[in-house]
$ cat data16.cif   # mmCIF, C-alpha atoms
data_target
loop_
_atom_site.label_atom_id
_atom_site.label_comp_id
_atom_site.auth_asym_id
_atom_site.auth_seq_id
_atom_site.Cartn_x
_atom_site.Cartn_y
_atom_site.Cartn_z
CA MET U 26 133.96 123.25 80.99
CA TYR U 27 134.12 126.58 82.82
CA ALA U 28 137.77 125.94 83.65
CA LEU U 29 138.49 125.47 79.94
CA TYR U 30 136.64 128.70 79.12
CA SER U 31 138.56 130.60 81.81
CA ALA U 32 141.86 129.24 80.53
CA LEU U 33 141.01 130.29 76.97
CA LEU U 34 139.95 133.74 78.18
CA ALA U 35 143.20 134.14 80.11
CA PHE U 36 145.19 133.04 77.07
CA LEU U 37 143.42 135.59 74.87
CA LEU U 38 143.99 138.30 77.47
CA VAL U 39 147.72 137.58 77.57
CA LEU U 40 147.90 137.29 73.79
CA THR U 41 146.24 140.69 73.28
CA LEU U 42 148.02 142.38 76.20
CA PRO U 43 150.29 144.48 73.91
CA TYR U 44 147.18 145.97 72.26
CA TRP U 45 145.61 146.92 75.60
CA LEU U 46 148.86 148.44 76.83
CA LEU U 47 149.26 150.42 73.61
CA GLN U 48 145.71 151.76 73.92
CA MET U 49 146.40 152.78 77.52
CA MET U 50 149.60 154.61 76.59
CA ARG U 51 148.33 156.28 73.41
CA HIS U 52 144.76 157.15 74.34
CA GLY U 53 144.41 156.45 78.07
CA LYS U 54 141.75 153.85 77.29
CA TYR U 55 140.99 151.04 79.78
CA ARG U 56 143.20 152.66 82.42
CA ALA U 57 140.23 154.02 84.34
CA GLY U 58 138.78 151.48 86.74
CA LEU U 59 141.54 148.95 86.14
CA ARG U 60 141.62 147.83 89.78
CA GLN U 61 137.84 147.48 89.82
CA ARG U 62 137.94 145.33 86.68
CA PHE U 63 140.29 142.95 88.50
CA GLY U 64 138.01 142.58 91.51
CA VAL U 65 138.90 145.45 93.85
CA VAL U 66 135.51 146.64 95.15
CA PRO U 67 135.34 150.45 95.51
CA PRO U 68 135.07 151.64 99.14
CA ALA U 69 131.85 153.49 98.32
CA LEU U 70 130.21 150.14 97.52
CA ALA U 71 131.79 148.19 100.36
CA GLY U 72 130.69 150.70 102.98
CA ARG U 73 126.97 150.85 102.25
CA GLY U 74 125.71 148.79 105.17
CA GLU U 75 123.37 145.82 104.96
CA MET U 76 120.91 147.13 102.35
CA PRO U 77 119.91 144.51 99.77
CA THR U 78 121.12 145.22 96.24
CA ILE U 79 119.86 145.29 92.67
CA TRP U 80 122.77 145.18 90.20
CA VAL U 81 122.16 146.63 86.72
CA HIS U 82 124.87 146.17 84.09
CA ALA U 83 124.89 148.57 81.12
CA VAL U 84 127.94 148.26 78.88
CA SER U 85 128.30 151.76 77.48
CA VAL U 86 126.51 155.03 76.80
CA GLY U 87 123.73 153.54 74.66
CA GLU U 88 122.82 150.92 77.26
CA VAL U 89 122.99 153.47 80.10
CA VAL U 90 120.62 155.78 78.24
CA ALA U 91 118.24 152.97 77.31
CA SER U 92 118.09 151.50 80.82
CA SER U 93 117.96 154.78 82.76
CA ALA U 94 114.18 154.77 83.09
CA VAL U 95 114.31 151.15 84.29
CA VAL U 96 116.91 152.05 86.93
CA THR U 97 114.83 155.00 88.12
CA ALA U 98 111.70 152.85 88.29
CA LEU U 99 113.52 150.18 90.33
CA GLN U 100 114.76 152.86 92.73
CA GLN U 101 111.18 154.03 93.22
CA LYS U 102 109.64 150.55 93.50
CA PHE U 103 112.30 149.24 95.91
CA PRO U 104 113.34 152.15 98.15
CA SER U 105 114.82 149.76 100.72
CA HIS U 106 117.29 148.46 98.10
CA ARG U 107 120.35 150.13 96.66
CA VAL U 108 120.33 150.04 92.86
CA LEU U 109 123.90 149.89 91.57
CA VAL U 110 125.02 150.26 87.97
CA SER U 111 128.14 148.77 86.37
CA THR U 112 129.54 149.75 82.97
CA THR U 113 132.39 148.52 80.81
CA THR U 114 133.45 151.73 79.05
CA SER U 115 134.70 154.95 80.60
CA THR U 116 132.16 157.00 78.64
CA GLY U 117 129.36 154.83 79.99
CA GLN U 118 130.83 155.21 83.48
CA LYS U 119 130.79 159.01 83.28
CA LEU U 120 127.21 159.16 82.07
CA ALA U 121 126.02 156.64 84.67
CA ALA U 122 127.76 158.63 87.43
CA GLN U 123 126.00 161.79 86.25
CA ARG U 124 122.60 160.11 86.25
CA PHE U 125 122.77 157.84 89.30
CA GLY U 126 125.58 159.26 91.45
CA ALA U 127 129.24 158.22 91.40
CA GLU U 128 128.76 156.30 94.66
CA ASN U 129 126.33 153.96 92.89
CA VAL U 130 128.44 153.24 89.81
CA PHE U 131 131.43 150.96 89.20
CA TYR U 132 133.31 149.14 86.44
CA PHE U 133 132.16 145.65 85.52
CA PRO U 134 134.74 143.01 86.52
CA LEU U 135 136.54 140.82 84.02
CA ASP U 136 134.89 137.44 83.55
CA PHE U 137 137.17 135.57 85.93
CA ALA U 138 135.96 134.05 89.18
CA PHE U 139 138.63 135.88 91.23
CA ALA U 140 137.36 139.24 89.88
CA ILE U 141 133.63 138.51 90.18
CA ARG U 142 133.43 136.88 93.62
CA PRO U 143 134.45 139.95 95.65
CA TYR U 144 131.53 141.92 94.16
CA LEU U 145 129.02 139.17 94.81
CA THR U 146 130.31 138.77 98.36
CA VAL U 147 130.03 142.48 99.14
CA LEU U 148 126.89 143.35 97.17
CA ARG U 149 124.90 140.13 97.64
CA PRO U 150 122.48 141.12 94.83
CA GLU U 151 118.94 139.84 94.93
CA LEU U 152 118.44 140.76 91.29
CA VAL U 153 120.95 141.12 88.45
CA VAL U 154 119.73 142.98 85.36
CA VAL U 155 121.88 142.83 82.23
CA ALA U 156 121.15 145.27 79.39
CA GLU U 157 121.15 143.75 75.88
CA THR U 158 123.35 140.68 75.24
CA GLU U 159 126.20 140.37 77.72
CA PHE U 160 126.38 136.62 78.15
CA TRP U 161 129.47 136.25 80.36
CA PRO U 162 129.61 132.58 81.42
CA ASN U 163 131.47 132.93 84.73
CA PHE U 164 129.53 136.01 85.82
CA LEU U 165 126.12 134.50 85.13
CA ARG U 166 127.08 131.17 86.73
CA LEU U 167 128.44 132.76 89.91
CA ALA U 168 125.62 135.29 90.18
CA LYS U 169 123.08 132.51 89.91
CA ARG U 170 124.95 130.40 92.45
CA SER U 171 124.94 133.36 94.86
CA GLY U 172 121.13 133.27 94.89
CA ALA U 173 120.41 136.21 92.59
CA ARG U 174 117.60 136.22 90.08
CA ILE U 175 118.92 137.18 86.63
CA ALA U 176 117.19 139.04 83.79
CA VAL U 177 118.58 140.08 80.41
CA ILE U 178 116.58 143.05 79.15
CA ASN U 179 116.34 144.87 75.81
CA CYS U 180 117.87 141.75 74.32
CA ARG U 181 118.79 141.61 70.64
CA ILE U 182 120.77 139.21 68.48
CA SER U 183 122.08 141.17 65.52
CA ASP U 184 122.75 139.85 62.03
CA ARG U 185 126.47 140.14 62.74
CA SER U 186 126.44 138.36 66.11
CA LEU U 187 124.10 135.46 65.24
CA PRO U 188 126.71 133.47 63.24
CA GLY U 189 129.18 133.88 66.12
CA TYR U 190 126.72 132.46 68.62
CA LYS U 191 126.00 129.55 66.29
CA ARG U 192 129.72 128.77 65.98
CA PHE U 193 130.13 129.03 69.74
CA ARG U 194 127.24 126.63 70.24
CA LEU U 195 128.81 124.23 67.74
CA TRP U 196 132.24 124.30 69.41
CA LEU U 197 131.17 124.52 73.06
CA PRO U 198 127.48 123.58 73.10
CA ARG U 199 127.22 122.79 76.80
CA LEU U 200 128.91 126.03 77.84
CA LEU U 201 126.52 128.29 75.91
CA GLU U 202 123.43 126.32 76.92
CA ASN U 203 124.46 126.24 80.58
CA THR U 204 125.28 129.96 80.47
CA LEU U 205 121.86 130.83 79.07
CA ASP U 206 120.20 128.44 81.52
CA ASN U 207 121.44 130.63 84.39
CA VAL U 208 119.18 133.44 83.18
CA ASP U 209 115.66 133.48 84.63
CA CYS U 210 114.15 135.79 82.04
CA PHE U 211 115.08 137.20 78.62
CA LEU U 212 113.14 140.23 77.41
CA ALA U 213 113.70 140.52 73.66
CA GLN U 214 113.23 143.64 71.57
CA THR U 215 111.36 141.92 68.73
CA ASP U 216 109.84 138.61 67.70
CA GLU U 217 112.88 138.00 65.51
CA ASP U 218 115.21 138.49 68.49
CA ARG U 219 113.07 136.07 70.49
CA LYS U 220 113.39 133.42 67.76
CA ARG U 221 117.15 133.93 67.60
CA LEU U 222 117.56 133.63 71.38
CA ILE U 223 115.74 130.30 71.30
CA GLU U 224 117.81 129.26 68.28
CA ILE U 225 121.08 129.75 70.17
CA GLY U 226 119.87 127.81 73.20
CA ALA U 227 117.62 129.90 75.46
CA ALA U 228 114.63 128.03 76.89
CA GLU U 229 111.47 129.05 75.04
CA THR U 230 109.53 129.47 78.30
CA LYS U 231 112.03 132.07 79.52
CA VAL U 232 111.93 134.37 76.48
CA ALA U 233 109.33 137.13 76.06
CA VAL U 234 109.08 140.22 73.86
CA ALA U 235 108.97 143.54 75.72
CA GLY U 236 109.98 145.94 72.95
CA ASN U 237 112.96 148.25 72.58
CA LEU U 238 113.75 150.44 75.59
CA LYS U 239 115.40 152.98 73.33
CA PHE U 240 111.98 153.99 72.00
CA ASP U 241 111.10 155.15 75.52
CA VAL U 242 114.08 157.45 75.98
CA ALA U 243 112.94 160.99 76.79
CA PRO U 244 114.40 163.98 74.93
CA PRO U 245 117.65 164.91 76.67
CA PRO U 246 117.90 168.18 78.59
CA LEU U 247 119.43 170.79 76.30
CA PRO U 248 122.92 171.73 77.50
CA GLU U 249 124.11 175.32 77.36
CA ILE U 250 126.08 174.65 74.16
CA VAL U 251 122.83 174.01 72.23
CA ALA U 252 121.33 177.35 73.24
CA SER U 253 124.62 179.11 72.43
CA LEU U 254 124.85 177.49 69.00
CA ARG U 255 121.21 178.22 68.17
CA GLU U 256 121.66 181.87 69.14
CA ASP U 257 124.82 182.10 67.04
CA PHE U 258 123.16 180.47 64.03
CA ASN U 259 120.25 182.90 64.23
CA ARG U 260 122.56 185.89 64.60
CA SER U 261 124.87 184.81 61.76
CA GLY U 262 122.11 183.67 59.40
CA VAL U 263 123.48 180.13 59.31
CA GLU U 264 121.56 177.69 57.15
CA PRO U 265 121.36 174.82 56.56
CA VAL U 266 122.86 172.90 59.51
CA LEU U 267 124.03 169.37 58.72
CA VAL U 268 124.60 167.33 61.90
CA CYS U 269 126.72 164.21 61.29
CA GLY U 270 126.83 162.10 64.45
CA SER U 271 128.75 159.02 65.61
CA THR U 272 130.96 158.99 62.52
CA LEU U 273 133.72 156.44 62.05
CA GLU U 274 137.00 156.25 60.17
CA ASN U 275 136.53 156.33 56.37
CA GLU U 276 133.20 158.15 56.72
CA GLU U 277 134.30 161.74 57.38
CA ASN U 278 135.98 162.10 53.97
CA SER U 279 132.74 161.29 52.13
CA LEU U 280 130.64 163.48 54.42
CA LEU U 281 133.00 166.44 54.03
CA SER U 282 132.99 165.98 50.26
CA ALA U 283 129.18 166.12 50.29
CA PHE U 284 129.31 169.19 52.53
CA ARG U 285 131.59 170.95 50.05
CA ASN U 286 128.79 170.63 47.48
CA ILE U 287 126.35 172.12 49.98
CA LEU U 288 128.66 175.07 50.66
CA ALA U 289 128.81 175.84 46.94
CA ASN U 290 125.07 176.66 47.01
CA HIS U 291 124.74 177.69 50.67
CA PRO U 292 127.88 179.59 51.72
CA LYS U 293 126.60 180.06 55.28
CA ALA U 294 125.98 176.36 55.86
CA VAL U 295 127.53 174.64 58.89
CA MET U 296 128.37 170.99 59.38
CA ILE U 297 128.35 169.82 63.01
CA LEU U 298 130.63 166.79 63.00
CA ALA U 299 130.70 164.43 66.00
CA PRO U 300 133.11 161.46 65.70
CA ARG U 301 132.07 158.34 67.60
CA HIS U 302 135.33 157.73 69.46
CA PRO U 303 137.06 160.43 71.53
CA GLU U 304 140.56 159.20 70.65
CA ARG U 305 139.85 160.17 67.02
CA PHE U 306 139.10 163.85 67.73
CA PRO U 307 142.64 165.07 66.84
CA GLU U 308 142.74 162.90 63.72
CA VAL U 309 139.41 164.22 62.44
CA ALA U 310 140.38 167.81 63.23
CA GLU U 311 143.53 167.35 61.16
CA LEU U 312 141.51 165.90 58.27
CA VAL U 313 139.08 168.84 58.28
CA GLU U 314 141.94 171.33 58.16
CA GLU U 315 143.81 169.40 55.47
CA LEU U 316 140.71 169.55 53.25
CA GLY U 317 140.67 173.33 53.60
CA PHE U 318 137.49 173.88 55.64
CA ARG U 319 137.10 176.54 58.29
CA MET U 320 136.84 174.71 61.58
CA TRP U 321 135.81 175.44 65.14
CA ARG U 322 136.37 172.90 67.93
CA ARG U 323 133.71 172.57 70.61
CA SER U 324 136.38 172.46 73.31
CA LEU U 325 137.93 175.76 72.16
CA TRP U 326 134.91 177.67 70.88
CA SER U 327 134.29 180.88 72.81
CA GLY U 328 131.26 182.21 70.97
CA GLU U 329 132.80 183.60 67.78
CA PRO U 330 130.43 183.67 64.77
CA LEU U 331 129.96 180.40 62.92
CA ALA U 332 129.14 180.27 59.22
CA GLY U 333 130.50 178.42 56.23
CA GLY U 334 132.52 175.74 58.00
CA VAL U 335 132.73 172.72 60.26
CA PHE U 336 131.99 172.70 63.99
CA LEU U 337 133.81 169.68 65.47
CA VAL U 338 132.15 168.21 68.56
CA ASP U 339 135.17 167.01 70.52
CA SER U 340 133.12 166.39 73.66
CA ILE U 341 131.13 163.53 75.18
CA GLY U 342 127.42 163.29 75.93
CA GLU U 343 126.13 166.29 73.96
CA LEU U 344 125.32 164.80 70.56
CA ALA U 345 121.81 163.61 71.44
CA ALA U 346 120.81 167.20 72.24
CA ILE U 347 122.79 168.74 69.39
CA TYR U 348 120.67 166.78 66.91
CA SER U 349 117.89 169.27 67.72
CA LEU U 350 119.80 171.89 65.70
CA ALA U 351 119.80 169.85 62.50
CA THR U 352 118.25 170.86 59.23
CA VAL U 353 119.26 167.32 58.24
CA ALA U 354 120.79 164.70 60.55
CA PHE U 355 123.12 161.92 59.42
CA VAL U 356 123.73 158.95 61.74
CA GLY U 357 127.17 157.41 61.21
CA GLY U 358 128.76 154.00 61.47
CA SER U 359 126.59 153.17 58.47
CA LEU U 360 128.55 154.17 55.36
CA VAL U 361 131.10 151.51 56.29
CA PRO U 362 130.29 147.91 57.30
CA ARG U 363 130.14 148.56 61.05
CA GLY U 364 126.43 148.04 61.67
CA GLY U 365 125.24 151.62 62.13
CA HIS U 366 124.21 153.61 65.20
CA ASN U 367 121.03 154.73 66.92
CA ILE U 368 118.68 156.77 64.70
CA LEU U 369 116.25 157.31 67.60
CA GLU U 370 118.30 160.19 69.03
CA PRO U 371 117.56 162.56 66.13
CA ALA U 372 114.03 161.14 65.83
CA LEU U 373 113.29 162.47 69.32
CA HIS U 374 113.63 165.99 67.93
CA GLY U 375 111.52 165.38 64.82
CA VAL U 376 114.38 166.15 62.43
CA PRO U 377 114.84 164.42 59.05
CA ILE U 378 117.24 161.49 59.29
CA VAL U 379 119.68 160.03 56.78
CA THR U 380 121.66 156.84 57.42
CA GLY U 381 123.93 154.64 55.35
CA ASN U 382 123.00 151.18 54.10
CA HIS U 383 125.11 149.32 56.72
CA TYR U 384 122.62 149.38 59.60
CA GLU U 385 122.64 145.74 60.71
CA ASN U 386 122.95 146.59 64.43
CA PHE U 387 119.68 148.54 64.25
CA ARG U 388 118.00 146.40 61.60
CA ASP U 389 114.49 146.39 63.06
CA VAL U 390 114.42 150.06 64.02
CA VAL U 391 115.68 151.29 60.64
CA ASN U 392 113.41 148.95 58.67
CA PHE U 393 110.41 150.05 60.74
CA PHE U 394 111.24 153.72 60.14
CA ALA U 395 111.73 153.06 56.43
CA SER U 396 108.28 151.46 56.27
CA ARG U 397 106.85 154.69 57.73
CA ASN U 398 108.75 157.02 55.35
CA ALA U 399 110.71 158.22 58.38
CA VAL U 400 114.35 157.78 57.28
CA ARG U 401 116.43 157.96 54.12
CA ILE U 402 118.82 155.03 53.58
CA VAL U 403 121.67 155.83 51.20
CA GLY U 404 124.88 154.44 49.77
CA LEU U 405 128.03 156.45 49.21
CA ALA U 406 127.07 157.36 45.65
CA GLU U 407 123.65 158.76 46.60
CA LEU U 408 124.77 160.61 49.73
CA PRO U 409 125.49 164.09 48.24
CA LEU U 410 122.32 164.04 46.14
CA VAL U 411 120.08 163.04 49.05
CA PHE U 412 121.55 165.78 51.25
CA MET U 413 120.93 168.39 48.58
CA GLU U 414 117.40 167.17 47.84
CA LEU U 415 116.40 167.40 51.49
CA ILE U 416 118.05 170.78 51.98
CA GLU U 417 116.26 172.21 48.95
CA ASN U 418 112.86 170.65 49.76
CA GLY U 419 111.43 172.01 53.01
CA GLY U 420 108.17 170.09 52.65
CA GLU U 421 109.98 166.77 52.32
CA ARG U 422 112.14 167.59 55.35
CA THR U 423 109.08 168.41 57.44
CA THR U 424 107.31 165.21 56.43
CA LEU U 425 110.36 163.05 57.11
CA GLY U 426 110.96 164.59 60.52
CA ARG U 427 107.29 164.42 61.54
CA ASN U 428 107.12 160.77 60.47
CA ALA U 429 110.26 159.95 62.46
CA LEU U 430 108.80 161.34 65.68
CA ALA U 431 105.47 159.61 65.05
CA ALA U 432 107.21 156.28 64.35
CA LEU U 433 109.14 156.55 67.61
CA GLU U 434 106.10 157.42 69.69
CA SER U 435 104.08 154.55 68.24
CA GLN U 436 106.52 152.03 69.74
CA ARG U 437 106.74 153.29 73.32
CA GLY U 438 105.90 151.09 76.31
CA ALA U 439 108.91 148.76 76.67
CA THR U 440 109.96 150.32 79.97
CA ASP U 441 106.63 149.57 81.69
CA ARG U 442 106.63 145.99 80.41
CA THR U 443 110.25 145.48 81.50
CA VAL U 444 109.78 146.93 84.98
CA SER U 445 106.62 144.85 85.50
CA THR U 446 108.55 141.66 84.70
CA LEU U 447 111.44 142.63 87.00
CA ILE U 448 109.02 143.29 89.86
CA GLN U 449 107.59 139.79 89.35
CA LEU U 450 111.13 138.34 89.46
CA MET U 451 111.82 140.18 92.72
CA SER U 452 108.62 138.85 94.24
CA VAL U 453 109.70 135.30 93.35
CA SER U 454 113.11 135.80 94.98
CA SER U 455 111.71 137.29 98.21
#
$ encode --input "data16.cif" --output "structure tokens"
Amino acid sequence: MYALYSALLAFLLVLTLPYWLLQMMRHGKYRAGLRQRFGVVPPALAGRGEMPTIWVHAVSVGEVVASSAVVTALQQKFPSHRVLVSTTTSTGQKLAAQRFGAENVFYFPLDFAFAIRPYLTVLRPELVVVAETEFWPNFLRLAKRSGARIAVINCRISDRSLPGYKRFRLWLPRLLENTLDNVDCFLAQTDEDRKRLIEIGAAETKVAVAGNLKFDVAPPPLPEIVASLREDFNRSGVEPVLVCGSTLENEENSLLSAFRNILANHPKAVMILAPRHPERFPEVAELVEELGFRMWRRSLWSGEPLAGGVFLVDSIGELAAIYSLATVAFVGGSLVPRGGHNILEPALHGVPIVTGNHYENFRDVVNFFASRNAVRIVGLAELPLVFMELIENGGERTTLGRNALAALESQRGATDRTVSTLIQLMSVSS
């Protein structure tokens, strides 16, 4: 069964090899950490003595942010252990290195036995913690066989992924069930996620609800760019400030069109535009210029006055703090059917939030906020009108932002529940 899965995975890898090579050549993607992904353990990990290990896997930036407090708590609770963090994306790798030290961070290996075994041999983890839903059959099987306890935390099964899991269970029922059986504990975000985990084959006794770790994320430290922008806005009389974060292809056109309407009534308005994917920065910059807007790029801005144009955030890791500047914040990936992005980042700053009606990846969070009058959900047709209504109505903005912060704070506590469960798992393994 696992041999068949590995063969299919290898076939897909070979079949899609031209795509990966093209991405490497055009954008430099996937090149970083290539040796590590194929099982070459970094010297910094191999030379760390005989300390026992806790291995935390966080795919990308969102998972790193959400699990940071858990990692810190594990470091404090188990000072005799080294807590190591793996990521899949380069952006996640950079953030994890900043937070936990480059010597404690590495790229997650491909799900082949030859790539996984060297890490298990060197690290010998007592506990493996997987953030959200990374159900890699070979990794979980080999980690379990090595003697590690395994927990999947902050687990969610989205509307988009549930049908895929059901098909997988139909085609390869034993593989999915055996894969999930290797996990000692699933900590789901919501009751609905718990039901879905059981529906796809997780043992009911292993699944508990701990809440969403992203509600516990602390406000990020404000980088220098935020202070510089705020000072410039005050000096130049900039208002309003529309922050559009994590935008995707086919969204920027609509957002810029709505911003043009705002400029007609507020000539000193500024849109802060932060595309989701770094490889799209040049493309978005070209679009902004083609549409005739004044534009400043974060990477080239040297403090010149900003007013009546678009400030393009062509940098990584600053958006969460930049939301604090927003008169109105829009969270992207939601005007197109891509499932939306995290509305909790602007909520941390108590700013009014607008998101599109494609928010399946954050279904429970957005619906909860909507029930508390803490977010505006819009389609393409309503977008310009909603922006203008909020900009013109200070009382409504204040209420929406205050409700967003209150909604977030009412759901805190997942980190404590998660860490408590992980400590119990460690006590069982020792």
$ residues_around --input "data16.cif" --residues "segment 247-257 of chain U" --least-positions-apart "5" --cutoff "12 Å" --atoms "only C-alpha atoms" --output "VMD selection string"
chain U and resid 262 to 264 266 295 297 321 323 to 324 326 to 332 336 338 340 to 352 374
$ residues_near_point --input "data16.cif" --point "(110.7, 146.2, 83.2)" --cutoff "9 Å" --atoms "all atoms listed in the file" --output "ChimeraX atom specification"
/U:95,98-99,178,212,235,439-448
$ axis_aligned_box --input "data16.cif" --around "segment 156-168 of chain U" --padding-each-side "4 Å" --output "AutoDock Vina command-line options"
--center_x 126.3 --center_y 138.2 --center_z 82.7 --size_x 18.3 --size_y 22.1 --size_z 22.9
$ closest_residue --input "data16.cif" --among "U:Tyr27, U:Asn392, U:Gln48, U:Ser85" --to "Asn203 of chain U" --atoms "all atoms listed in the file"
U:Tyr27
$ atom_distance --input "data16.cif" --atom1 "atom CA of Val96 of chain U" --atom2 "atom CA of Asn163 of chain U"
24.1 Å
$ decode --input "data16.cif" --residues "segment 167-186 of chain U" --atoms "N, CA and C atoms" --output "PDB file, in the first residue's frame"
ATOM      1  N   LEU U 167       6.661   6.535   9.331  1.00  0.00           N
ATOM      2  CA  LEU U 167       8.050   6.359   9.761  1.00  0.00           C
ATOM      3  C   LEU U 167       8.311   7.061  11.088  1.00  0.00           C
ATOM      4  N   ALA U 168       7.687   8.205  11.302  1.00  0.00           N
ATOM      5  CA  ALA U 168       7.849   8.890  12.585  1.00  0.00           C
ATOM      6  C   ALA U 168       7.279   8.057  13.715  1.00  0.00           C
ATOM      7  N   LYS U 169       6.112   7.469  13.467  1.00  0.00           N
ATOM      8  CA  LYS U 169       5.504   6.614  14.481  1.00  0.00           C
ATOM      9  C   LYS U 169       6.367   5.384  14.745  1.00  0.00           C
ATOM     10  N   ARG U 170       6.888   4.793  13.676  1.00  0.00           N
ATOM     11  CA  ARG U 170       7.723   3.603  13.822  1.00  0.00           C
ATOM     12  C   ARG U 170       9.012   3.916  14.582  1.00  0.00           C
ATOM     13  N   SER U 171       9.482   5.167  14.486  1.00  0.00           N
ATOM     14  CA  SER U 171      10.710   5.556  15.176  1.00  0.00           C
ATOM     15  C   SER U 171      10.508   5.706  16.683  1.00  0.00           C
ATOM     16  N   GLY U 172       9.253   5.683  17.130  1.00  0.00           N
ATOM     17  CA  GLY U 172       8.957   5.802  18.555  1.00  0.00           C
ATOM     18  C   GLY U 172       8.417   7.149  18.978  1.00  0.00           C
ATOM     19  N   ALA U 173       8.244   8.078  18.031  1.00  0.00           N
ATOM     20  CA  ALA U 173       7.747   9.409  18.379  1.00  0.00           C
ATOM     21  C   ALA U 173       6.251   9.385  18.645  1.00  0.00           C
ATOM     22  N   ARG U 174       5.826  10.237  19.575  1.00  0.00           N
ATOM     23  CA  ARG U 174       4.409  10.528  19.708  1.00  0.00           C
ATOM     24  C   ARG U 174       4.071  11.605  18.691  1.00  0.00           C
ATOM     25  N   ILE U 175       2.859  11.570  18.124  1.00  0.00           N
ATOM     26  CA  ILE U 175       2.509  12.482  17.034  1.00  0.00           C
ATOM     27  C   ILE U 175       1.204  13.203  17.357  1.00  0.00           C
ATOM     28  N   ALA U 176       1.237  14.531  17.212  1.00  0.00           N
ATOM     29  CA  ALA U 176       0.031  15.345  17.406  1.00  0.00           C
ATOM     30  C   ALA U 176      -0.159  16.250  16.202  1.00  0.00           C
ATOM     31  N   VAL U 177      -1.390  16.368  15.749  1.00  0.00           N
ATOM     32  CA  VAL U 177      -1.749  17.339  14.711  1.00  0.00           C
ATOM     33  C   VAL U 177      -2.559  18.424  15.405  1.00  0.00           C
ATOM     34  N   ILE U 178      -2.050  19.646  15.398  1.00  0.00           N
ATOM     35  CA  ILE U 178      -2.683  20.727  16.145  1.00  0.00           C
ATOM     36  C   ILE U 178      -3.310  21.760  15.197  1.00  0.00           C
ATOM     37  N   ASN U 179      -4.227  22.547  15.742  1.00  0.00           N
ATOM     38  CA  ASN U 179      -4.907  23.593  14.969  1.00  0.00           C
ATOM     39  C   ASN U 179      -5.519  23.018  13.697  1.00  0.00           C
ATOM     40  N   CYS U 180      -6.072  21.834  13.831  1.00  0.00           N
ATOM     41  CA  CYS U 180      -6.499  21.048  12.673  1.00  0.00           C
ATOM     42  C   CYS U 180      -7.833  21.548  12.122  1.00  0.00           C
ATOM     43  N   ARG U 181      -7.890  21.700  10.809  1.00  0.00           N
ATOM     44  CA  ARG U 181      -9.144  22.083  10.163  1.00  0.00           C
ATOM     45  C   ARG U 181      -9.284  21.316   8.853  1.00  0.00           C
ATOM     46  N   ILE U 182     -10.505  21.013   8.510  1.00  0.00           N
ATOM     47  CA  ILE U 182     -10.827  20.392   7.226  1.00  0.00           C
ATOM     48  C   ILE U 182     -11.750  21.370   6.504  1.00  0.00           C
ATOM     49  N   SER U 183     -11.228  22.060   5.522  1.00  0.00           N
ATOM     50  CA  SER U 183     -11.989  23.116   4.859  1.00  0.00           C
ATOM     51  C   SER U 183     -13.045  22.543   3.926  1.00  0.00           C
ATOM     52  N   ASP U 184     -13.961  23.419   3.512  1.00  0.00           N
ATOM     53  CA  ASP U 184     -14.993  23.011   2.553  1.00  0.00           C
ATOM     54  C   ASP U 184     -14.367  22.490   1.268  1.00  0.00           C
ATOM     55  N   ARG U 185     -13.254  23.092   0.863  1.00  0.00           N
ATOM     56  CA  ARG U 185     -12.603  22.697  -0.386  1.00  0.00           C
ATOM     57  C   ARG U 185     -11.867  21.369  -0.260  1.00  0.00           C
ATOM     58  N   SER U 186     -11.274  21.108   0.911  1.00  0.00           N
ATOM     59  CA  SER U 186     -10.462  19.895   1.052  1.00  0.00           C
ATOM     60  C   SER U 186     -11.284  18.657   1.416  1.00  0.00           C
TER      61      SER U 186
END
